[in-house]
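**Student:** Dropping in target-v9.txt, with compact mmCIF, C-alpha atoms.
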```
# COMPACT_ATOMS: atom_id res chain seq x y z
CA MET A 4 -2.10 65.78 -12.54
CA MET A 5 1.65 65.72 -12.13
CA ALA A 6 1.47 66.64 -8.48
CA GLY A 7 4.60 67.18 -6.46
CA ILE A 8 6.92 67.57 -9.45
CA GLU A 9 8.98 70.73 -9.26
CA HIS A 10 9.92 72.43 -12.51
CA ASP A 11 12.38 75.12 -13.35
CA SER A 12 9.87 77.01 -15.45
CA ALA A 13 10.85 80.63 -14.97
CA ASP A 14 9.73 81.57 -18.47
CA GLY A 15 7.36 78.75 -19.21
CA VAL A 16 3.73 78.18 -18.47
CA GLU A 17 2.72 75.21 -16.37
CA ILE A 18 -0.58 73.56 -17.13
CA GLU A 19 -2.25 71.46 -14.46
CA LEU A 20 -5.02 69.05 -15.39
CA ILE A 21 -6.76 68.25 -12.12
CA SER A 22 -8.91 65.17 -11.99
CA GLY A 23 -12.35 65.15 -10.47
CA GLN A 24 -11.15 62.51 -8.06
CA ARG A 25 -8.52 64.86 -6.67
CA MET A 26 -11.16 67.48 -5.96
CA HIS A 27 -13.81 65.22 -4.47
CA ASP A 28 -12.52 65.22 -0.92
CA LYS A 29 -11.79 68.92 -0.76
CA THR A 30 -14.05 71.51 0.80
CA SER A 31 -15.16 74.45 -1.31
CA MET A 32 -12.58 76.77 0.22
CA GLU A 33 -9.81 74.18 -0.22
CA LYS A 34 -10.66 73.94 -3.91
CA ILE A 35 -10.72 77.71 -4.32
CA ARG A 36 -7.47 78.14 -2.38
CA MET A 37 -5.76 75.50 -4.50
CA ILE A 38 -6.99 77.05 -7.75
CA LEU A 39 -6.02 80.58 -6.81
CA ASP A 40 -2.60 79.55 -5.46
CA ASP A 41 -1.91 77.82 -8.77
CA VAL A 42 -3.20 80.67 -10.88
CA ARG A 43 -1.35 83.30 -8.87
CA SER A 44 1.81 81.30 -9.52
CA GLY A 45 1.17 81.81 -13.22
CA ASN A 46 -0.20 78.34 -13.89
CA ILE A 47 -3.13 77.36 -16.05
CA VAL A 48 -5.56 75.09 -14.23
CA ILE A 49 -7.82 72.69 -16.08
CA LEU A 50 -10.49 71.06 -13.95
CA GLU A 51 -11.81 67.77 -15.24
CA GLU A 52 -15.02 68.52 -13.36
CA GLY A 53 -16.06 72.08 -12.78
CA LEU A 54 -17.08 73.88 -9.67
CA THR A 55 -20.62 74.10 -8.34
CA PRO A 56 -22.43 77.42 -8.83
CA ASP A 57 -21.90 78.21 -5.15
CA GLU A 58 -18.18 77.52 -5.48
CA GLU A 59 -18.01 79.67 -8.61
CA SER A 60 -19.63 82.48 -6.68
CA LYS A 61 -17.06 82.14 -3.90
CA LEU A 62 -14.23 81.88 -6.43
CA ILE A 63 -15.24 85.26 -7.87
CA GLU A 64 -15.54 86.74 -4.38
CA VAL A 65 -12.17 85.46 -3.15
CA THR A 66 -10.50 86.42 -6.44
CA MET A 67 -11.70 89.98 -5.96
CA THR A 68 -10.25 90.17 -2.46
CA GLU A 69 -6.84 89.09 -3.77
CA ILE A 70 -6.52 91.43 -6.74
CA ASN A 71 -3.83 94.04 -6.30
CA PRO A 72 -2.27 96.47 -8.77
CA ASP A 73 1.23 95.05 -8.39
CA ASP A 74 0.93 91.40 -9.31
CA PHE A 75 -2.58 90.02 -9.71
CA SER A 76 -5.40 91.41 -11.84
CA GLY A 77 -7.77 88.46 -11.55
CA ILE A 78 -8.62 85.35 -13.53
CA GLU A 79 -9.90 84.27 -16.90
CA ILE A 80 -12.24 81.30 -16.82
CA GLU A 81 -14.11 79.28 -19.44
CA SER A 82 -16.02 76.04 -19.19
CA PHE A 83 -18.19 73.84 -21.31
CA PRO A 84 -21.87 73.73 -20.38
CA GLN A 85 -22.78 71.39 -17.58
CA GLN A 86 -23.65 67.91 -18.76
CA THR A 87 -26.87 66.40 -17.56
CA ALA A 88 -26.45 63.21 -15.61
CA THR A 89 -26.13 60.25 -17.87
CA GLY A 90 -28.54 57.51 -17.01
CA GLY A 91 -30.70 59.97 -15.12
CA GLY A 92 -34.15 58.81 -16.04
CA PHE A 93 -37.60 59.45 -14.67
CA LEU A 94 -36.61 58.63 -11.09
CA SER A 95 -33.79 61.16 -10.96
CA ARG A 96 -36.08 63.81 -12.44
CA LEU A 97 -38.79 62.93 -9.93
CA ILE A 98 -36.56 63.29 -6.90
CA GLY A 99 -34.68 66.20 -8.43
CA SER A 100 -31.27 64.62 -8.04
CA GLU A 101 -28.31 66.83 -8.84
CA PRO A 102 -26.91 66.59 -12.35
CA SER A 103 -23.25 65.74 -12.79
CA ASN A 104 -20.79 68.54 -12.15
CA ALA A 105 -18.75 67.43 -15.11
CA LYS A 106 -17.94 70.58 -17.02
CA LEU A 107 -14.36 70.92 -18.17
CA THR A 108 -13.14 74.26 -16.87
CA VAL A 109 -10.04 76.28 -17.74
CA ILE A 110 -8.82 78.95 -15.31
CA GLY A 111 -5.75 81.13 -15.69
CA PRO A 112 -4.24 84.45 -14.67
CA ALA A 113 -5.91 87.34 -16.50
CA ASN A 114 -2.63 89.13 -17.15
CA GLN A 115 -1.16 86.12 -18.99
CA ILE A 116 -4.16 84.94 -20.97
CA HIS A 117 -4.43 87.19 -23.97
CA SER A 118 -7.58 85.54 -25.22
CA LEU A 119 -9.76 82.68 -24.14
CA GLN A 120 -12.25 81.63 -26.76
CA LYS A 121 -14.89 78.98 -26.65
CA ASP A 122 -17.34 77.36 -28.96
CA ASP A 123 -19.49 74.26 -28.38
CA THR A 124 -16.61 71.80 -28.52
CA LEU A 125 -13.37 73.76 -28.16
CA ILE A 126 -11.72 76.12 -25.68
CA ARG A 127 -8.68 77.89 -27.13
CA ALA A 128 -6.29 79.94 -24.98
CA LEU A 129 -3.54 82.29 -26.11
CA ILE A 130 -1.09 82.50 -23.22
CA SER A 131 2.05 84.54 -22.64
CA GLY A 132 4.98 83.51 -20.41
CA LYS A 133 5.43 84.76 -16.87
CA MET B 10 -35.18 70.44 -11.03
CA GLY B 11 -37.36 67.43 -10.37
CA LEU B 12 -41.12 67.21 -10.29
CA LEU B 13 -41.14 67.46 -6.52
CA GLY B 14 -38.97 70.54 -6.73
CA SER B 15 -41.34 72.11 -9.24
CA LEU B 16 -44.30 71.27 -7.04
CA ARG B 17 -42.57 72.81 -4.03
CA ASN B 18 -41.87 76.00 -6.01
CA SER B 19 -45.48 76.20 -7.20
CA ILE B 20 -46.78 75.87 -3.65
CA SER B 21 -44.27 78.48 -2.51
CA GLN B 22 -45.38 80.91 -5.23
CA VAL B 23 -49.06 80.44 -4.37
CA ALA B 24 -48.28 80.97 -0.68
CA ASN B 25 -46.29 84.08 -1.50
CA THR B 26 -49.20 85.45 -3.50
CA LEU B 27 -51.74 84.70 -0.78
CA PHE B 28 -49.69 86.34 1.96
CA ALA B 29 -48.05 89.03 -0.13
CA SER B 30 -49.85 91.90 1.58
CA ASP B 31 -48.25 91.04 4.93
CA ALA B 32 -44.78 90.29 3.57
CA GLU B 33 -41.72 92.51 3.74
CA PRO B 34 -40.80 94.13 0.43
CA LYS B 35 -38.72 91.77 -1.64
CA ARG B 36 -35.14 92.81 -2.30
CA ILE B 37 -34.55 92.70 -6.03
CA GLY B 38 -30.91 92.76 -7.05
CA ILE B 39 -29.97 94.38 -10.34
CA TYR B 40 -27.05 92.34 -11.64
CA GLY B 41 -25.06 92.10 -14.84
CA PRO B 42 -21.66 92.81 -16.36
CA PRO B 43 -20.04 96.26 -16.13
CA ASN B 44 -21.53 98.99 -18.36
CA ALA B 45 -24.77 97.12 -19.09
CA GLY B 46 -26.82 100.04 -17.76
CA LYS B 47 -27.73 98.71 -14.32
CA THR B 48 -27.57 102.06 -12.55
CA THR B 49 -29.37 103.80 -15.40
CA LEU B 50 -32.17 101.26 -14.99
CA ALA B 51 -32.17 101.53 -11.19
CA ASN B 52 -32.36 105.32 -11.47
CA ARG B 53 -35.14 105.08 -14.05
CA ILE B 54 -37.23 102.85 -11.79
CA ALA B 55 -36.49 104.92 -8.68
CA ARG B 56 -37.24 108.23 -10.41
CA ASP B 57 -40.46 106.92 -11.95
CA TRP B 58 -41.87 105.72 -8.62
CA THR B 59 -40.13 107.72 -5.88
CA GLY B 60 -38.78 110.82 -7.59
CA ASP B 61 -35.21 110.13 -6.38
CA ALA B 62 -32.20 108.60 -8.10
CA ILE B 63 -30.03 105.83 -6.65
CA GLY B 64 -26.54 106.67 -7.89
CA PRO B 65 -24.38 108.36 -10.53
CA GLU B 66 -24.31 106.95 -14.08
CA SER B 67 -21.19 106.89 -16.21
CA ARG B 68 -19.63 105.39 -19.31
CA ILE B 69 -16.54 104.52 -17.24
CA PRO B 70 -16.64 100.87 -16.14
CA HIS B 71 -17.16 100.19 -12.44
CA GLU B 72 -18.74 103.57 -11.72
CA THR B 73 -20.90 101.71 -9.20
CA ARG B 74 -18.49 100.29 -6.66
CA ARG B 75 -20.86 99.74 -3.77
CA ALA B 76 -24.24 97.99 -3.69
CA ARG B 77 -26.92 100.64 -3.17
CA ARG B 78 -30.43 99.94 -1.94
CA LYS B 79 -33.54 101.99 -2.55
CA GLU B 80 -36.22 100.86 -0.14
CA ASN B 81 -39.97 100.70 -0.51
CA VAL B 82 -40.31 101.41 -4.21
CA GLU B 83 -44.06 101.15 -4.81
CA ILE B 84 -44.95 100.18 -8.37
CA GLU B 85 -48.62 100.45 -9.35
CA ARG B 86 -49.90 98.03 -11.96
CA ASN B 87 -53.49 97.22 -12.84
CA GLY B 88 -54.91 98.83 -9.71
CA GLN B 89 -52.54 97.00 -7.39
CA THR B 90 -49.37 98.18 -5.68
CA VAL B 91 -46.19 96.10 -5.59
CA THR B 92 -43.54 97.20 -3.11
CA ILE B 93 -39.91 96.19 -3.65
CA ASP B 94 -36.46 97.23 -2.50
CA ILE B 95 -34.10 97.81 -5.43
CA VAL B 96 -30.46 96.84 -4.93
CA ASP B 97 -28.16 98.30 -7.58
CA THR B 98 -24.97 96.23 -7.62
CA PRO B 99 -21.49 96.71 -9.12
CA GLY B 100 -20.91 94.98 -12.45
CA VAL B 101 -19.64 91.45 -11.95
CA THR B 102 -16.33 90.42 -13.47
CA THR B 103 -13.49 88.00 -12.75
CA LYS B 104 -10.74 90.58 -13.32
CA VAL B 105 -10.07 94.23 -12.60
CA ASP B 106 -7.00 95.93 -14.04
CA TYR B 107 -6.37 99.48 -12.88
CA THR B 108 -4.80 100.34 -16.24
CA GLU B 109 -8.29 100.18 -17.80
CA PHE B 110 -9.14 103.34 -15.89
CA LEU B 111 -6.08 105.12 -17.28
CA GLU B 112 -7.74 104.90 -20.72
CA HIS B 113 -10.46 107.20 -19.37
CA ASP B 114 -8.01 110.00 -18.50
CA ILE B 115 -7.88 109.04 -14.84
CA GLU B 116 -4.60 109.52 -12.95
CA LYS B 117 -2.80 106.42 -11.71
CA ASP B 118 -3.46 106.97 -7.99
CA GLU B 119 -7.15 107.46 -8.66
CA ALA B 120 -7.19 104.45 -11.02
CA VAL B 121 -5.65 102.24 -8.34
CA ARG B 122 -8.16 103.50 -5.79
CA ARG B 123 -11.07 102.87 -8.18
CA SER B 124 -9.85 99.37 -9.00
CA ARG B 125 -9.54 98.53 -5.30
CA GLU B 126 -13.06 99.81 -4.65
CA ALA B 127 -14.33 97.93 -7.71
CA THR B 128 -12.95 94.62 -6.45
CA GLU B 129 -14.54 95.19 -3.07
CA GLY B 130 -17.80 96.04 -4.79
CA VAL B 131 -17.84 92.86 -6.89
CA ALA B 132 -17.13 90.74 -3.80
CA GLU B 133 -19.96 92.58 -2.04
CA ALA B 134 -22.31 91.94 -4.97
CA MET B 135 -21.56 88.21 -4.85
CA HIS B 136 -22.25 88.16 -1.14
CA TRP B 137 -25.59 89.92 -1.65
CA LEU B 138 -26.48 87.34 -4.29
CA ARG B 139 -25.83 84.43 -1.94
CA GLU B 140 -27.38 85.94 1.15
CA ASP B 141 -29.59 88.97 0.72
CA VAL B 142 -31.67 89.17 -2.46
CA ASP B 143 -35.07 87.61 -3.15
CA GLY B 144 -35.07 88.03 -6.91
CA VAL B 145 -32.81 89.21 -9.72
CA ILE B 146 -33.08 91.52 -12.68
CA TYR B 147 -30.17 90.55 -14.94
CA VAL B 148 -29.27 93.44 -17.23
CA LEU B 149 -27.41 92.89 -20.48
CA ASP B 150 -26.24 95.34 -23.12
CA SER B 151 -28.07 94.29 -26.31
CA VAL B 152 -25.09 95.39 -28.38
CA GLU B 153 -22.64 93.08 -26.61
CA ASP B 154 -22.21 89.31 -26.97
CA PRO B 155 -24.20 87.69 -24.13
CA PHE B 156 -22.39 84.34 -24.47
CA THR B 157 -19.74 85.13 -21.87
CA GLN B 158 -18.51 82.97 -19.05
CA VAL B 159 -19.43 85.58 -16.43
CA ASN B 160 -23.02 85.74 -17.69
CA THR B 161 -23.25 81.95 -17.81
CA MET B 162 -21.84 81.60 -14.30
CA LEU B 163 -24.05 84.33 -12.83
CA ILE B 164 -27.21 82.90 -14.35
CA GLY B 165 -26.15 79.46 -13.08
CA ILE B 166 -25.61 80.83 -9.58
CA ILE B 167 -29.01 82.56 -9.64
CA GLU B 168 -30.72 79.38 -10.86
CA SER B 169 -28.99 77.26 -8.23
CA ARG B 170 -30.49 79.47 -5.55
CA ASP B 171 -33.99 79.17 -7.07
CA LEU B 172 -34.28 82.95 -7.33
CA PRO B 173 -36.83 84.35 -9.76
CA VAL B 174 -34.99 86.13 -12.55
CA LEU B 175 -35.88 88.43 -15.42
CA ILE B 176 -33.40 89.13 -18.22
CA PHE B 177 -33.49 92.75 -19.37
CA ALA B 178 -32.04 93.39 -22.82
CA ASN B 179 -31.00 97.02 -22.40
CA LYS B 180 -29.92 99.70 -24.89
CA ILE B 181 -32.43 98.77 -27.61
CA ASP B 182 -32.29 102.39 -28.76
CA LEU B 183 -28.91 101.61 -30.34
CA ASP B 184 -28.86 100.50 -33.99
CA GLU B 185 -26.53 97.56 -33.24
CA ALA B 186 -28.84 96.07 -30.60
CA GLN B 187 -29.57 92.34 -31.07
CA ILE B 188 -32.36 91.25 -28.73
CA ASN B 189 -32.62 87.81 -30.35
CA ARG B 190 -29.06 86.99 -29.39
CA ILE B 191 -29.91 87.49 -25.72
CA GLU B 192 -33.14 85.49 -26.04
CA ASN B 193 -31.15 82.66 -27.59
CA ALA B 194 -28.46 82.79 -24.90
CA PHE B 195 -30.90 82.27 -22.04
CA PRO B 196 -34.06 80.72 -23.53
CA GLN B 197 -35.08 79.32 -20.13
CA HIS B 198 -35.79 82.86 -18.88
CA GLU B 199 -38.05 85.63 -20.08
CA THR B 200 -36.23 88.44 -21.86
CA VAL B 201 -37.65 91.96 -21.78
CA PRO B 202 -36.23 94.52 -24.24
CA LEU B 203 -35.86 98.10 -23.04
CA SER B 204 -33.86 101.27 -23.13
CA ALA B 205 -33.40 102.48 -19.57
CA LEU B 206 -31.75 105.63 -20.90
CA GLU B 207 -34.58 106.58 -23.26
CA GLY B 208 -37.39 105.01 -21.23
CA ASP B 209 -38.42 102.70 -24.08
CA ASN B 210 -40.78 99.81 -23.22
CA MET B 211 -40.92 100.66 -19.51
CA ASP B 212 -44.61 99.73 -19.28
CA GLU B 213 -43.73 96.12 -20.07
CA VAL B 214 -40.77 96.33 -17.69
CA TYR B 215 -43.06 97.31 -14.82
CA ASP B 216 -45.69 94.72 -15.79
CA LYS B 217 -43.04 91.99 -15.63
CA ILE B 218 -41.52 93.26 -12.36
CA ALA B 219 -44.98 93.23 -10.76
CA ALA B 220 -45.75 89.76 -12.13
CA TYR B 221 -42.42 88.19 -11.12
CA PHE B 222 -41.63 89.94 -7.86
CA GLY B 223 -44.98 91.10 -6.53
```
Rewrite the structure from the file as structure tokens, please.

**Tutor:**
Amino acid sequence: MMAGIEHDSADGVEIELISGQRMHDKTSMEKIRMILDDVRSGNIVILEEGLTPDEESKLIEVTMTEINPDDFSGIEIESFPQQTATGGGFLSRLIGSEPSNAKLTVIGPANQIHSLQKDDTLIRALISGK
Amino acid sequence: MGLLGSLRNSISQVANTLFASDAEPKRIGIYGPPNAGKTTLANRIARDWTGDAIGPESRIPHETRRARRKENVEIERNGQTVTIDIVDTPGVTTKVDYTEFLEHDIEKDEAVRRSREATEGVAEAMHWLREDVDGVIYVLDSVEDPFTQVNTMLIGIIESRDLPVLIFANKIDLDEAQINRIENAFPQHETVPLSALEGDNMDEVYDKIAAYFG
């Protein structure tokens, strides 16, 4: 991610690709706050690794509390299905270890994403300017 | 889920069965996207077994903007009685735009009020899902594409909490209904076709509710 770089992008759309490493040390609410602050600024956020189901649940809940008729109507979100842990053999199945969270996820402001389509290998977004 | 996890669940289910008669009624949340027919189903179940409805039904999205609970619904199957609390929840979405209500001949002030209530209702529904339900009936409109991100996320959230879940493919009375599409979308869960509006296939619905949540 190109963190800390300020752009004069009054009419443009900023896309932030956030690495899994950047998210690892954040709490659930820190992740959600960061995502929503970015999206409410009109940015498109691409998470290298997705959120956990519990974090997705909280993302929906917090998003709902922030919707208002004047400037924020919510989010669009798409992700690829969660990948099972590579190298997870019999032992990981036996102890029920968590699969990898790696599921590329795209999140953007609902009022700027005209369509967000997905098939097995492609997510395609049609985005308008701010 | 690992083998130990499966074993733990099996033991838990056996224990639940053995001590079911002394247990509190399980709270079964009716979840799904807006306009899937959740309230129509909740009313159908409540009317069939208690004589009362739960809430108003409408074609306008987000008609249900508060979670509503109907307590102690006693369902009789095969000589046994299963008692559950039904929780009808607002349709889950990631966006609410008040202008959608304007398309249903609703004035702007009322549309804004409805959208505000709808957002509160969705947040409330998510909170119920994390904290206060023991099982889930996930209702989908058989005419609509089930492969949506909201459906995928909600099913993932339900699975992560190890909640028993039944998928109900509603509105099978409509010609465009595609039950197979829903079965293919969530093959890991049992799909039960029904029409809550017409009362089609309700015997199987009650058999499955008793088997999963009794």

**Student:** So which residues touch stretch 72-74 of chain B within 6 Å, counting only C-alpha atoms, skipping near sequence neighbours fewer than 6 positions away, as a short mmCIF file (atom, residue, chain, number, x, y, z; two decimals) with C-alpha atoms, in the coordinates of the input?

**Tutor:**
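Output below, filename part_1.cif:
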```
data_model
loop_
_atom_site.label_atom_id
_atom_site.label_comp_id
_atom_site.auth_asym_id
_atom_site.auth_seq_id
_atom_site.Cartn_x
_atom_site.Cartn_y
_atom_site.Cartn_z
CA PRO B 99 -21.49 96.71 -9.12
CA GLU B 126 -13.06 99.81 -4.65
CA ALA B 127 -14.33 97.93 -7.71
CA GLY B 130 -17.80 96.04 -4.79
#
```

**Student:** Enclose all atoms of stretch 78-81 of chain A listed in the file in an axis-aligned box, grow every side by 6 Å, and hand back centre and edge lengths in Å to one decimal, as JSON.

**Tutor:**
```
{"center_x": -11.4, "center_y": 82.3, "center_z": -16.5, "size_x": 17.5, "size_y": 18.1, "size_z": 17.9}
```

**Student:** Pick out the closest residue to chain A from this set: B:Ser204, B:Thr161, B:Gln187, B:Gln197. Count all atoms listed in the file.

**Tutor:**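 Distance minimum relative to chain A lands on B:Thr161.
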
**Student:** Do a neighbour search on A:Ile18 at 9 Å with all atoms listed in the file, toss out local chain neighbours closer than 6 positions, and write the hits as a ChimeraX atom specification.

**Tutor:** /A:46-49

**Student:** Based on the selection just made, write C-alpha atoms of those residues as a tab-separated table (two decimals), keeping the file's coordinate frame.

**Tutor:**
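Once written, selection-v1.tsv looks like this:
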```tsv
chain	number	residue	atom	x	y	z
A	46	ASN	CA	-0.20	78.34	-13.89
A	47	ILE	CA	-3.13	77.36	-16.05
A	48	VAL	CA	-5.56	75.09	-14.23
A	49	ILE	CA	-7.82	72.69	-16.08
```

**Student:** Expressed in Å to a single decimal, how great is the separation between atom CA of B:Asp61 and atom CA of B:Ala120?

**Tutor:**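 Pair atom CA of B:Asp61 / atom CA of B:Ala120 returns 29.0 Å.
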
**Student:** So the first atom is atom CA of A:Val42 and the second is atom CA of B:Glu112; what is the distance between them in Å, to one decimal place?

**Tutor:**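 Computing the Euclidean distance for atom CA of A:Val42 and atom CA of B:Glu112 yields 26.5 Å.
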